[in-house]
2 protein chains.
Amino acid sequence: MKIAIVTYDDFTDIDVFFMWDLLNRPRVADWSVRIVGEAEWHRSRSGLPIPMHGRIEEANEADVVLFTSGPGARRKAVEPAYLNRFRLDTDRQMVGSICSGALILAALGLLKGKRATTYPTSVKQLREFGVDVVEKPFVAEGNVATAAGCLASQYLCGWIIERHLGASIRDLVIKSVQPVGEGMSFADLPAIQALYAPIEALSAK
Amino acid sequence: MKIAIVTYDDFTDIDVFFMWDLLNRPRVADWSVRIVGEAEWHRSRSGLPIPMHGRIEEANEADVVLFTSGPGARRKAVEPAYLNRFRLDTDRQMVGSICSGALILAALGLLKGKRATTYPTSVKQLREFGVDVVEKPFVAEGNVATAAGCLASQYLCGWIIERHLGASIRDLVIKSVQPVGEGMSFADLPAIQALYAPIEALSAK
């Protein structure tokens, strides 16, 4: 199971790191999450440089491809040389986006005739791609999904985790990041400990 | 206004990056957010290395000091040589923690006779420091606050932003990361654009 998080300069910090954190929580075998970009490093919108694990071409061979957001996504969505490096196939891959990452899905032709969601600042541009933009936190159409509003990453990552590891592990991962008293309680300690336990303890689908 | 986010190896990814992202959203003058540690780099629990902006001694001169979480926090809370490098003063500084970061606040003597919250896996250890641990997402006692459950960073950062910039900017920052249709709507576009507008447009307190 290979997951590629596609990143650019000027990425929205939380949109990369929240997916990265959630998707790394299931400690199961053969589960790889890699942040990929065009360069060895990309700098977030808030100025934090992070090293990439690999190049964007890895996305073409991944099982799951997730496009992050930010001003960088808006620029990449209109850059043919960039878009041409992708050979995605939604018959064999799950492809998703958070916030303005939907613009790249649209530019790659993956949202044709589909409903999708995006961040308020990208609604107009996404409609110009002919996409049926709906005001929802998460929209899945077959193997293509869009999430919008940074914290909606939970739904996007949940969609992936459920499909590959089942609903109970999805629920546990989501629970593990909720505020205490608002979705997670001290009594959840054994479940949280199970999430962090060795691979064998997790009842993978 | 200087904010120091104190980090260690094995930090919980989202707990550093969510605070970092939220606190960078207000584009106001003289507002500095820096991630500080003991080394030039620290590696997250999920294996992502990030560069520090400075050393932990910066915390002693900051206006706001925030301790992050993860296995690293649990180790640092019992390391006297580490703890002795801090000279915090809650008369002139706001000091806070997310999740297991509360253990360091307790080890520094900042939670004496106070109520506090922490992640389920750290409740026992925090109680052993003599702290009155309560099952809440956020507890503020004067200039000391604890938040628990990764997404409770919103309350902690909101506490800081409200104190320094007022409730309307706090509300706008928090709104800007909510899922579309669940706390943020497409109709919020003008407000979101105002958040990203030049400094002058923000009606700071």
# chains A, B, ... in the order shown; residues from 1 in each chain; ligands from 1
$ interface_residues --of "chain B" --to "chain A" --cutoff "7 Å" --atoms "only C-alpha atoms" --output "number ranges by chain"
B: 13-14, 17-18, 21, 24, 46, 50, 120-121, 135-137, 148-152, 177-181, 186, 189
$ atom_distance --atom1 "CA of Leu165 in chain B" --atom2 "CA of Asp30 in chain B"
11.9 Å
